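**Student:** Structure file data_2.cif (mmCIF, C-alpha atoms and all ligand atoms) right here:
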data_query
#
loop_
_atom_site.label_atom_id
_atom_site.label_comp_id
_atom_site.auth_asym_id
_atom_site.auth_seq_id
_atom_site.Cartn_x
_atom_site.Cartn_y
_atom_site.Cartn_z
CA MET A 23 -113.50 38.27 83.01
CA ILE A 24 -116.25 36.21 81.42
CA LYS A 25 -119.13 38.15 79.84
CA GLU A 26 -122.61 37.74 81.33
CA ALA A 27 -124.06 36.14 78.17
CA GLU A 28 -121.23 33.58 78.11
CA ALA A 29 -121.64 32.81 81.81
CA ARG A 30 -125.36 32.37 81.34
CA LYS A 31 -124.78 29.88 78.52
CA GLU A 32 -122.82 27.61 80.85
CA PHE A 33 -126.12 26.81 82.60
CA ASP A 34 -128.60 26.49 79.75
CA LEU A 35 -131.34 24.98 81.90
CA GLY A 36 -134.39 26.31 80.07
CA GLY A 37 -136.11 27.48 83.27
CA ILE A 38 -136.28 26.63 86.97
CA VAL A 39 -135.29 23.01 87.37
CA PRO A 40 -135.89 20.32 90.02
CA TRP A 41 -132.43 19.63 91.49
CA GLY A 42 -132.49 18.88 95.19
CA ARG A 43 -130.14 19.12 98.12
CA ARG A 44 -129.69 17.20 101.37
CA PHE A 45 -130.27 18.18 105.00
CA ASP A 46 -126.61 18.83 105.81
CA GLU A 47 -126.41 21.27 102.89
CA TYR A 48 -129.54 23.16 104.00
CA ALA A 49 -128.15 23.21 107.54
CA ASP A 50 -125.14 25.16 106.26
CA PHE A 51 -127.04 27.37 103.76
CA PHE A 52 -129.22 28.56 106.64
CA ALA A 53 -126.82 28.34 109.61
CA LEU A 54 -129.25 25.98 111.33
CA ALA A 55 -126.68 24.79 113.88
CA ASP A 56 -125.99 28.33 115.13
CA MET A 57 -129.54 29.62 114.67
CA PRO A 58 -131.95 26.67 115.06
CA PRO A 59 -135.58 27.51 114.26
CA GLU A 60 -137.77 27.22 117.34
CA GLY A 61 -140.92 25.94 115.68
CA PRO A 62 -142.35 24.55 112.47
CA ILE A 63 -140.37 25.04 109.25
CA LEU A 64 -141.68 25.63 105.73
CA ASP A 65 -139.34 24.68 102.86
CA VAL A 66 -140.51 26.79 99.92
CA GLY A 67 -139.61 25.55 96.45
CA GLY A 68 -138.45 22.36 98.12
CA GLY A 69 -138.48 20.37 94.86
CA PRO A 70 -136.69 17.02 95.08
CA ALA A 71 -134.62 18.07 98.11
CA SER A 72 -134.51 15.63 101.02
CA PHE A 73 -134.43 18.39 103.63
CA ALA A 74 -138.05 17.89 104.72
CA ALA A 75 -137.75 14.10 104.85
CA GLU A 76 -134.51 14.17 106.82
CA ALA A 77 -135.61 16.98 109.15
CA ALA A 78 -138.87 15.16 109.89
CA GLY A 79 -136.83 12.02 110.61
CA GLN A 80 -135.01 14.06 113.29
CA GLY A 81 -138.32 15.06 114.88
CA GLN A 82 -138.65 18.50 113.28
CA GLU A 83 -142.12 19.71 112.30
CA VAL A 84 -141.71 20.54 108.61
CA VAL A 85 -143.80 21.13 105.49
CA ALA A 86 -142.47 21.63 101.96
CA CYS A 87 -144.28 23.37 99.12
CA ASP A 88 -143.55 23.49 95.41
CA PRO A 89 -145.69 23.53 92.23
CA ILE A 90 -143.97 20.29 91.22
CA TYR A 91 -145.72 18.45 94.06
CA ALA A 92 -148.88 18.41 91.91
CA ALA A 93 -147.03 15.82 89.78
CA THR A 94 -146.47 12.14 90.52
CA GLY A 95 -143.22 10.83 91.94
CA ASP A 96 -142.47 9.16 88.59
CA ALA A 97 -142.97 12.45 86.75
CA ILE A 98 -140.69 14.27 89.21
CA ARG A 99 -138.03 11.59 88.71
CA GLN A 100 -138.35 12.02 84.94
CA ARG A 101 -137.93 15.82 85.23
CA PHE A 102 -134.83 15.27 87.37
CA GLU A 103 -133.38 12.98 84.67
CA GLU A 104 -134.19 15.54 81.95
CA THR A 105 -132.40 18.22 83.99
CA ARG A 106 -129.37 16.12 84.86
CA SER A 107 -127.33 16.34 81.65
CA ASP A 108 -127.74 20.15 81.26
CA MET A 109 -126.86 20.66 84.92
CA MET A 110 -123.80 18.42 84.74
CA ALA A 111 -122.67 20.08 81.50
CA GLY A 112 -123.02 23.48 83.18
CA LEU A 113 -121.09 22.37 86.26
CA ARG A 114 -118.23 21.06 84.12
CA LEU A 115 -118.08 24.16 81.90
CA ALA A 116 -118.22 26.52 84.87
CA GLN A 117 -115.95 24.56 87.25
CA TYR A 118 -113.67 27.59 87.65
CA ARG A 119 -116.55 29.54 89.24
CA PHE A 120 -117.01 27.15 92.17
CA ASN A 121 -115.23 26.32 95.39
CA TRP A 122 -114.78 22.52 95.25
CA THR A 123 -113.63 22.05 98.85
CA ARG A 124 -116.90 20.53 99.97
CA TYR A 125 -117.94 18.47 96.93
CA GLY A 126 -114.71 17.56 95.14
CA SER A 127 -116.17 17.03 91.65
CA PRO A 128 -119.32 17.38 89.52
CA GLU A 129 -119.74 13.58 89.70
CA ARG A 130 -119.89 13.68 93.50
CA ILE A 131 -122.55 16.38 93.27
CA GLU A 132 -124.63 14.20 90.97
CA LYS A 133 -124.33 11.35 93.48
CA ILE A 134 -125.57 13.60 96.31
CA ARG A 135 -128.44 14.95 94.17
CA ARG A 136 -129.51 11.36 93.42
CA GLU A 137 -129.38 10.48 97.14
CA ALA A 138 -131.57 13.50 97.85
CA LEU A 139 -134.00 12.51 95.08
CA GLU A 140 -134.37 8.96 96.41
CA LEU A 141 -134.89 10.12 100.02
CA PHE A 142 -137.40 12.71 98.83
CA LEU A 143 -139.33 10.28 96.61
CA ALA A 144 -139.65 7.66 99.37
CA ASP A 145 -141.04 10.29 101.76
CA PHE A 146 -143.24 11.87 99.04
CA GLU A 147 -144.82 8.45 98.38
CA ALA A 148 -145.27 7.79 102.12
CA ARG A 149 -146.46 11.24 103.28
CA GLY A 150 -147.96 12.59 100.06
CA ARG A 151 -149.60 15.96 100.35
CA VAL A 152 -149.59 16.02 104.12
CA ARG A 153 -145.94 17.06 104.06
CA TYR A 154 -145.63 18.10 100.40
CA VAL A 155 -148.07 20.84 99.39
CA PRO A 156 -148.44 21.85 95.72
CA ALA A 157 -148.14 25.65 95.84
CA SER A 158 -146.34 28.51 94.10
CA LEU A 159 -144.94 31.81 95.20
CA PRO A 160 -146.07 34.53 95.37
CA ALA A 161 -149.34 33.17 96.83
CA LEU A 162 -149.12 30.37 99.40
CA PRO A 163 -152.10 28.50 100.93
CA PHE A 164 -151.00 28.96 104.55
CA ALA A 165 -152.29 31.11 107.40
CA ASP A 166 -150.42 34.16 108.69
CA ASP A 167 -147.49 33.07 110.89
CA ALA A 168 -148.30 29.39 110.37
CA PHE A 169 -144.57 28.66 110.53
CA GLN A 170 -141.69 29.83 112.68
CA THR A 171 -139.23 29.84 109.77
CA ALA A 172 -139.60 29.75 105.98
CA LEU A 173 -136.51 28.54 104.11
CA CYS A 174 -136.06 29.14 100.40
CA SER A 175 -133.05 27.48 98.79
CA HIS A 176 -131.87 27.87 95.19
CA LEU A 177 -134.96 29.57 93.79
CA LEU A 178 -135.22 33.29 94.61
CA PHE A 179 -132.27 35.43 93.46
CA LEU A 180 -130.58 32.39 91.82
CA TYR A 181 -133.20 32.45 89.04
CA GLY A 182 -133.20 36.23 88.92
CA ASP A 183 -133.24 36.21 85.11
CA ASP A 184 -136.48 34.21 85.12
CA LEU A 185 -138.17 36.01 88.05
CA ASP A 186 -138.17 39.82 88.06
CA ALA A 187 -137.68 42.23 90.98
CA ALA A 188 -141.43 42.75 91.48
CA PHE A 189 -141.89 38.97 91.77
CA HIS A 190 -139.11 38.81 94.35
CA VAL A 191 -140.64 41.58 96.46
CA ALA A 192 -144.08 39.93 96.38
CA ALA A 193 -142.58 36.50 97.09
CA VAL A 194 -140.51 37.58 100.10
CA ARG A 195 -143.44 39.54 101.54
CA GLU A 196 -145.58 36.40 101.18
CA LEU A 197 -142.90 34.33 102.94
CA ALA A 198 -142.89 36.89 105.75
CA ARG A 199 -146.68 36.63 105.98
CA VAL A 200 -146.71 32.84 106.52
CA ALA A 201 -143.61 32.66 108.75
CA ARG A 202 -142.20 34.70 111.61
CA GLU A 203 -138.75 34.56 110.02
CA VAL A 204 -137.53 34.04 106.44
CA ARG A 205 -134.16 32.74 105.28
CA ILE A 206 -133.09 32.72 101.62
CA PHE A 207 -129.91 31.31 100.04
CA PRO A 208 -128.04 31.91 97.76
CA LEU A 209 -128.18 35.61 96.86
CA VAL A 210 -126.40 35.31 93.50
CA ASN A 211 -127.61 34.51 89.97
CA LEU A 212 -126.91 31.31 88.07
CA ASP A 213 -123.96 33.17 86.55
CA GLY A 214 -122.51 33.69 90.04
CA ARG A 215 -123.02 37.47 90.16
CA PRO A 216 -124.71 39.16 93.14
CA SER A 217 -128.41 39.48 92.32
CA SER A 218 -129.41 42.97 91.23
CA HIS A 219 -132.81 42.28 92.85
CA LEU A 220 -131.35 42.11 96.36
CA PRO A 221 -131.06 45.86 97.11
CA VAL A 222 -134.54 46.43 95.66
CA VAL A 223 -136.04 43.67 97.81
CA MET A 224 -134.26 44.84 100.98
CA ALA A 225 -135.42 48.44 100.48
CA GLU A 226 -139.02 47.34 99.87
CA LEU A 227 -139.00 45.09 102.93
CA GLU A 228 -137.67 47.89 105.12
CA ALA A 229 -140.33 50.23 103.73
CA ALA A 230 -142.91 47.61 104.71
CA GLY A 231 -141.64 47.63 108.30
CA LEU A 232 -139.72 44.34 108.09
CA PHE A 233 -136.10 43.78 109.16
CA PRO A 234 -133.91 42.24 106.40
CA GLU A 235 -130.25 41.49 107.14
CA LEU A 236 -127.40 39.68 105.43
CA VAL A 237 -125.96 36.88 107.56
CA SER A 238 -122.73 34.95 106.90
CA VAL A 239 -123.20 31.21 106.61
CA PRO A 240 -120.72 28.31 106.80
CA PHE A 241 -121.08 27.37 103.12
CA GLU A 242 -119.50 28.38 99.83
CA PHE A 243 -119.95 26.68 96.47
CA GLN A 244 -120.64 29.52 94.01
CA ARG A 245 -117.56 31.60 94.82
CA GLY A 246 -118.35 34.52 97.11
CA ALA A 247 -121.91 33.31 97.84
CA THR A 248 -121.46 33.05 101.61
CA GLU A 249 -124.45 35.01 102.89
CA MET A 250 -128.15 34.35 103.35
CA LEU A 251 -130.91 36.93 103.54
CA ARG A 252 -132.69 36.74 106.89
CA VAL A 253 -135.93 38.68 107.34
CA ARG A 254 -137.53 39.21 110.71
CA LYS A 255 -140.58 41.08 111.84
CA GLY A 256 -139.02 42.90 114.75
C1 LIG A 301 -133.38 24.31 91.89
S1 LIG A 301 -134.81 23.66 92.69
C2 LIG A 301 -134.34 23.85 94.39
C3 LIG A 301 -134.90 22.75 95.23
C4 LIG A 301 -134.52 22.86 96.72
N1 LIG A 301 -135.03 24.07 97.31
C5 LIG A 301 -133.03 22.76 96.91
O1 LIG A 301 -132.36 23.79 97.08
O2 LIG A 301 -132.51 21.65 96.88
C6 LIG A 301 -136.01 24.99 92.46
C7 LIG A 301 -137.43 24.56 92.78
O3 LIG A 301 -138.26 25.73 92.76
C8 LIG A 301 -139.54 25.33 92.32
N2 LIG A 301 -140.32 26.50 91.89
C9 LIG A 301 -140.35 27.09 90.68
N3 LIG A 301 -141.17 28.15 90.68
C10 LIG A 301 -141.69 28.24 91.94
C11 LIG A 301 -142.61 29.13 92.57
N4 LIG A 301 -143.18 30.17 91.91
N5 LIG A 301 -142.92 28.92 93.87
C12 LIG A 301 -142.35 27.89 94.56
N6 LIG A 301 -141.47 27.02 93.99
C13 LIG A 301 -141.14 27.19 92.71
C14 LIG A 301 -139.25 24.34 91.21
O4 LIG A 301 -140.36 23.51 90.94
C15 LIG A 301 -138.04 23.59 91.79
O5 LIG A 301 -138.41 22.40 92.42
#
What is this file in C-alpha cells?
**Tutor:**
Amino acid sequence: MIKEAEARKEFDLGGIVPWGRRFDEYADFFALADMPPEGPILDVGGGPASFAAEAAGQGQEVVACDPIYAATGDAIRQRFEETRSDMMAGLRLAQYRFNWTRYGSPERIEKIRREALELFLADFEARGRVRYVPASLPALPFADDAFQTALCSHLLFLYGDDLDAAFHVAAVRELARVAREVRIFPLVNLDGRPSSHLPVVMAELEAAGLFPELVSVPFEFQRGATEMLRVRKG
C-alpha cells in the first residue's frame, strides 16, 4: 500500500486550486435526480465550475460563491492554466487510485474541465456578481436560510490537509445557517483516504442539534468515494 506522504506527492498542487466541474457531474455528486432541491441553491467554492451557469440555464435559481470571484475572468483563466499541468501530472501518476469508467482518461477530464471553464467564464462575464459572489467560508454574506440547499463540491474534506477540523466544523455550521440543507462531496482527502475530519464534524453537528447523514450517490472517481454528507435541520 502506498504511504500517505507518497500519495500526497502525486497531487502537489500547492493549495486549493480552481478546477471546475460540469452540471451532470454535480448532479451525480449530490444525487440531484433522486433528491432535487425545492428552492434556491448556493454553490459554495464554486470556482470555475459550470454548475451555476448550466443550472440557471435550466431555470434553477442559483448563486455561487468563492473568494476567486473577486478576480477578473482573465485572472481566473490564468489560474486554471497554472493549475492544469500539476493536476494532469497528479492524475497520471495516481491513475491506479481512480475508477475510470466515467471519464476514460486524464485527457478526457482535461477536456471536460476546459468546457466547464468556458461555460463558467461566459456566464461570469454576463452575470458578474449577481450570480457569482466573492466570499469565503467560514463566514458567508447571506441571510439565515437564504437558500434551500447549499452544495459544496471538492473543497471541504478533499483539502483536509490545508483546512483543519475546527475550520470544517465552523464551515459546515455556516453552510447550515444560510441553507435549510447542506450537501458536501467528496468525503475523502486528495490522497483518496476517508477524511479524518468527518467523524469530528458529524459529532459536532449532532451536538449542535443538526442531523448529518451519509448518503450513497451515483458517482465514483476516487475509488470508494461514493457518499456525500447531507445535513438537515430536522
Ligand atoms: C477544486 S475547486 C472546486 C470547484 C467546484 N466546486 C467544483 O467542484 O468543480 C475549489 C474551490 O474552492 C475555493 N475556495 C478556497 N477556499 C475557500 C473558502 N474558504 N471558501 C469558499 N471557497 C473556497 C477555491 O477558490 C476553488 O475555486
**Student:** Could you name the residues that touch A:Pro208 at 10 Å or less, counting only C-alpha atoms, but leaving out those on the same chain fewer than 2 positions away, as a PDB file with C-alpha atoms, in the frame of the given file?
**Tutor:**
ATOM      1  CA  PHE A  51    -127.040  27.370 103.760  1.00  0.00           C
ATOM      2  CA  PHE A  52    -129.220  28.560 106.640  1.00  0.00           C
ATOM      3  CA  CYS A 174    -136.060  29.140 100.400  1.00  0.00           C
ATOM      4  CA  SER A 175    -133.050  27.480  98.790  1.00  0.00           C
ATOM      5  CA  HIS A 176    -131.870  27.870  95.190  1.00  0.00           C
ATOM      6  CA  LEU A 177    -134.960  29.570  93.790  1.00  0.00           C
ATOM      7  CA  LEU A 178    -135.220  33.290  94.610  1.00  0.00           C
ATOM      8  CA  PHE A 179    -132.270  35.430  93.460  1.00  0.00           C
ATOM      9  CA  LEU A 180    -130.580  32.390  91.820  1.00  0.00           C
ATOM     10  CA  ARG A 205    -134.160  32.740 105.280  1.00  0.00           C
ATOM     11  CA  ILE A 206    -133.090  32.720 101.620  1.00  0.00           C
ATOM     12  CA  VAL A 210    -126.400  35.310  93.500  1.00  0.00           C
ATOM     13  CA  ASN A 211    -127.610  34.510  89.970  1.00  0.00           C
ATOM     14  CA  LEU A 212    -126.910  31.310  88.070  1.00  0.00           C
ATOM     15  CA  GLY A 214    -122.510  33.690  90.040  1.00  0.00           C
ATOM     16  CA  PRO A 216    -124.710  39.160  93.140  1.00  0.00           C
ATOM     17  CA  SER A 217    -128.410  39.480  92.320  1.00  0.00           C
ATOM     18  CA  PHE A 241    -121.080  27.370 103.120  1.00  0.00           C
ATOM     19  CA  GLU A 242    -119.500  28.380  99.830  1.00  0.00           C
ATOM     20  CA  PHE A 243    -119.950  26.680  96.470  1.00  0.00           C
ATOM     21  CA  GLN A 244    -120.640  29.520  94.010  1.00  0.00           C
ATOM     22  CA  ALA A 247    -121.910  33.310  97.840  1.00  0.00           C
ATOM     23  CA  THR A 248    -121.460  33.050 101.610  1.00  0.00           C
ATOM     24  CA  GLU A 249    -124.450  35.010 102.890  1.00  0.00           C
ATOM     25  CA  MET A 250    -128.150  34.350 103.350  1.00  0.00           C
ATOM     26  CA  LEU A 251    -130.910  36.930 103.540  1.00  0.00           C
TER      27      LEU A 251
END
**Student:** Between atom CA of A:Pro156 and atom CA of A:Thr94, what distance in Å does the model show, to one decimal?
**Tutor:**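 Atom-to-atom, atom CA of A:Pro156 and atom CA of A:Thr94 are spaced 11.2 Å apart.
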**Student:** Please identify the residues whose atoms come within 10 Å of ligand LIG 301 (chain A), using only C-alpha atoms and all ligand atoms, and report them as a PyMOL selection string.
**Tutor:** chain A and resi 37-45+47-48+51+65-73+86-92+98+101-102+135+138-139+156-162+173-178+180-181+184-185+189-190+193+206-208
**Student:** Take the selection from the previous step and output its residues with C-alpha atoms, as a CSV table (one decimal), in the frame of the given file.
**Tutor:**
chain,number,residue,atom,x,y,z
A,37,GLY,CA,-136.1,27.5,83.3
A,38,ILE,CA,-136.3,26.6,87.0
A,39,VAL,CA,-135.3,23.0,87.4
A,40,PRO,CA,-135.9,20.3,90.0
A,41,TRP,CA,-132.4,19.6,91.5
A,42,GLY,CA,-132.5,18.9,95.2
A,43,ARG,CA,-130.1,19.1,98.1
A,44,ARG,CA,-129.7,17.2,101.4
A,45,PHE,CA,-130.3,18.2,105.0
A,47,GLU,CA,-126.4,21.3,102.9
A,48,TYR,CA,-129.5,23.2,104.0
A,51,PHE,CA,-127.0,27.4,103.8
A,65,ASP,CA,-139.3,24.7,102.9
A,66,VAL,CA,-140.5,26.8,99.9
A,67,GLY,CA,-139.6,25.6,96.4
A,68,GLY,CA,-138.4,22.4,98.1
A,69,GLY,CA,-138.5,20.4,94.9
A,70,PRO,CA,-136.7,17.0,95.1
A,71,ALA,CA,-134.6,18.1,98.1
A,72,SER,CA,-134.5,15.6,101.0
A,73,PHE,CA,-134.4,18.4,103.6
A,86,ALA,CA,-142.5,21.6,102.0
A,87,CYS,CA,-144.3,23.4,99.1
A,88,ASP,CA,-143.6,23.5,95.4
A,89,PRO,CA,-145.7,23.5,92.2
A,90,ILE,CA,-144.0,20.3,91.2
A,91,TYR,CA,-145.7,18.4,94.1
A,92,ALA,CA,-148.9,18.4,91.9
A,98,ILE,CA,-140.7,14.3,89.2
A,101,ARG,CA,-137.9,15.8,85.2
A,102,PHE,CA,-134.8,15.3,87.4
A,135,ARG,CA,-128.4,15.0,94.2
A,138,ALA,CA,-131.6,13.5,97.8
A,139,LEU,CA,-134.0,12.5,95.1
A,156,PRO,CA,-148.4,21.8,95.7
A,157,ALA,CA,-148.1,25.6,95.8
A,158,SER,CA,-146.3,28.5,94.1
A,159,LEU,CA,-144.9,31.8,95.2
A,160,PRO,CA,-146.1,34.5,95.4
A,161,ALA,CA,-149.3,33.2,96.8
A,162,LEU,CA,-149.1,30.4,99.4
A,173,LEU,CA,-136.5,28.5,104.1
A,174,CYS,CA,-136.1,29.1,100.4
A,175,SER,CA,-133.0,27.5,98.8
A,176,HIS,CA,-131.9,27.9,95.2
A,177,LEU,CA,-135.0,29.6,93.8
A,178,LEU,CA,-135.2,33.3,94.6
A,180,LEU,CA,-130.6,32.4,91.8
A,181,TYR,CA,-133.2,32.4,89.0
A,184,ASP,CA,-136.5,34.2,85.1
A,185,LEU,CA,-138.2,36.0,88.0
A,189,PHE,CA,-141.9,39.0,91.8
A,190,HIS,CA,-139.1,38.8,94.4
A,193,ALA,CA,-142.6,36.5,97.1
A,206,ILE,CA,-133.1,32.7,101.6
A,207,PHE,CA,-129.9,31.3,100.0
A,208,PRO,CA,-128.0,31.9,97.8
**Student:** If I take atom CA of A:Ala93 and atom CA of A:Leu35, how far is one from the other in Å, to one decimal?
**Tutor:** 19.8 Å
**Student:** Just give me the gap between atom CA of A:Val223 and atom CA of A:Val204 in Å, one decimal is fine.
**Tutor:**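 Separating atom CA of A:Val223 from atom CA of A:Val204 is a distance of 13.0 Å.
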**Student:** Pick out the closest residue to A:Gly36 from this set: A:Ala116, A:Thr105, A:Phe169, A:Arg202. Count all atoms listed in the file.
**Tutor:**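 Closest to A:Gly36 of all the choices is A:Thr105.
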**Student:** Excluding A:Glu228 and any residue of its chain fewer than 4 positions from it, enumerate the residues within 12 Å of it, using only C-alpha atoms, and give them as a list of chain:residue names.
**Tutor:** A:Val191, A:Val194, A:Arg195, A:Pro221, A:Val222, A:Val223, A:Met224, A:Leu232, A:Phe233, A:Pro234, A:Glu235, A:Val253, A:Arg254, A:Lys255, A:Gly256
**Student:** Keeping only C-alpha atoms, write the selected residues as a PDB file, keeping the file's coordinate frame.
**Tutor:**
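Writing the result to selection-v4.pdb gives the following:
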ATOM      1  CA  VAL A 191    -140.640  41.580  96.460  1.00  0.00           C
ATOM      2  CA  VAL A 194    -140.510  37.580 100.100  1.00  0.00           C
ATOM      3  CA  ARG A 195    -143.440  39.540 101.540  1.00  0.00           C
ATOM      4  CA  PRO A 221    -131.060  45.860  97.110  1.00  0.00           C
ATOM      5  CA  VAL A 222    -134.540  46.430  95.660  1.00  0.00           C
ATOM      6  CA  VAL A 223    -136.040  43.670  97.810  1.00  0.00           C
ATOM      7  CA  MET A 224    -134.260  44.840 100.980  1.00  0.00           C
ATOM      8  CA  LEU A 232    -139.720  44.340 108.090  1.00  0.00           C
ATOM      9  CA  PHE A 233    -136.100  43.780 109.160  1.00  0.00           C
ATOM     10  CA  PRO A 234    -133.910  42.240 106.400  1.00  0.00           C
ATOM     11  CA  GLU A 235    -130.250  41.490 107.140  1.00  0.00           C
ATOM     12  CA  VAL A 253    -135.930  38.680 107.340  1.00  0.00           C
ATOM     13  CA  ARG A 254    -137.530  39.210 110.710  1.00  0.00           C
ATOM     14  CA  LYS A 255    -140.580  41.080 111.840  1.00  0.00           C
ATOM     15  CA  GLY A 256    -139.020  42.900 114.750  1.00  0.00           C
TER      16      GLY A 256
END
**Student:** Write out as a list in words the residues lying within 12 Å of A:Gln117, counting only C-alpha atoms and excluding same-chain residues fewer than 2 positions away.
**Tutor:**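 My list of contacting residues is Ala29, Glu32, Phe33, Met109, Met110, Ala111, Gly112, Leu113, Arg114, Leu115, Arg119, Phe120, Asn121, Trp122, Tyr125, Gly126, Ser127, Pro128, Glu129, Asp213, Gly214, Phe243, Gln244 and Arg245 of chain A.
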**Student:** Using all atoms listed in the file, determine which residues lie at most 7 Å from stretch 53-64 of chain A, disregarding the query and same-chain residues fewer than 4 positions distant; provide the list as number ranges by chain.
**Tutor:** A: 49, 83-86, 169-173, 239-240
**Student:** For the residues in the current selection, export C-alpha atoms as a PDB file, in the coordinates of the input.
**Tutor:**
ATOM      1  CA  ALA A  49    -128.150  23.210 107.540  1.00  0.00           C
ATOM      2  CA  GLU A  83    -142.120  19.710 112.300  1.00  0.00           C
ATOM      3  CA  VAL A  84    -141.710  20.540 108.610  1.00  0.00           C
ATOM      4  CA  VAL A  85    -143.800  21.130 105.490  1.00  0.00           C
ATOM      5  CA  ALA A  86    -142.470  21.630 101.960  1.00  0.00           C
ATOM      6  CA  PHE A 169    -144.570  28.660 110.530  1.00  0.00           C
ATOM      7  CA  GLN A 170    -141.690  29.830 112.680  1.00  0.00           C
ATOM      8  CA  THR A 171    -139.230  29.840 109.770  1.00  0.00           C
ATOM      9  CA  ALA A 172    -139.600  29.750 105.980  1.00  0.00           C
ATOM     10  CA  LEU A 173    -136.510  28.540 104.110  1.00  0.00           C
ATOM     11  CA  VAL A 239    -123.200  31.210 106.610  1.00  0.00           C
ATOM     12  CA  PRO A 240    -120.720  28.310 106.800  1.00  0.00           C
TER      13      PRO A 240
END
**Student:** Between A:Asp46, A:Glu76, A:Asp183, A:Glu203, which one has atoms that come closest to A:Leu141, using all atoms listed in the file?
**Tutor:**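 Of the candidates, the smallest distance to A:Leu141 is held by A:Glu76.
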**Student:** Considering all atoms listed in the file, state which residue in the set A:Ala188, A:Ala168, A:Ala148, A:Ala77 is at the smallest distance from A:Leu220.
**Tutor:** A:Ala188
**Student:** Tell me which of A:Ala75, A:Ala201, A:Gly231, A:Gly246 sits closest to A:Asp167, counting all atoms listed in the file.
**Tutor:** A:Ala201
**Student:** Which residue out of A:Leu227, A:Gly95, A:Arg215, A:Val237 has the minimum interatomic distance to A:Glu147 when all atoms listed in the file are used?
**Tutor:**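 Checking each candidate against A:Glu147, we get A:Gly95 as the closest.
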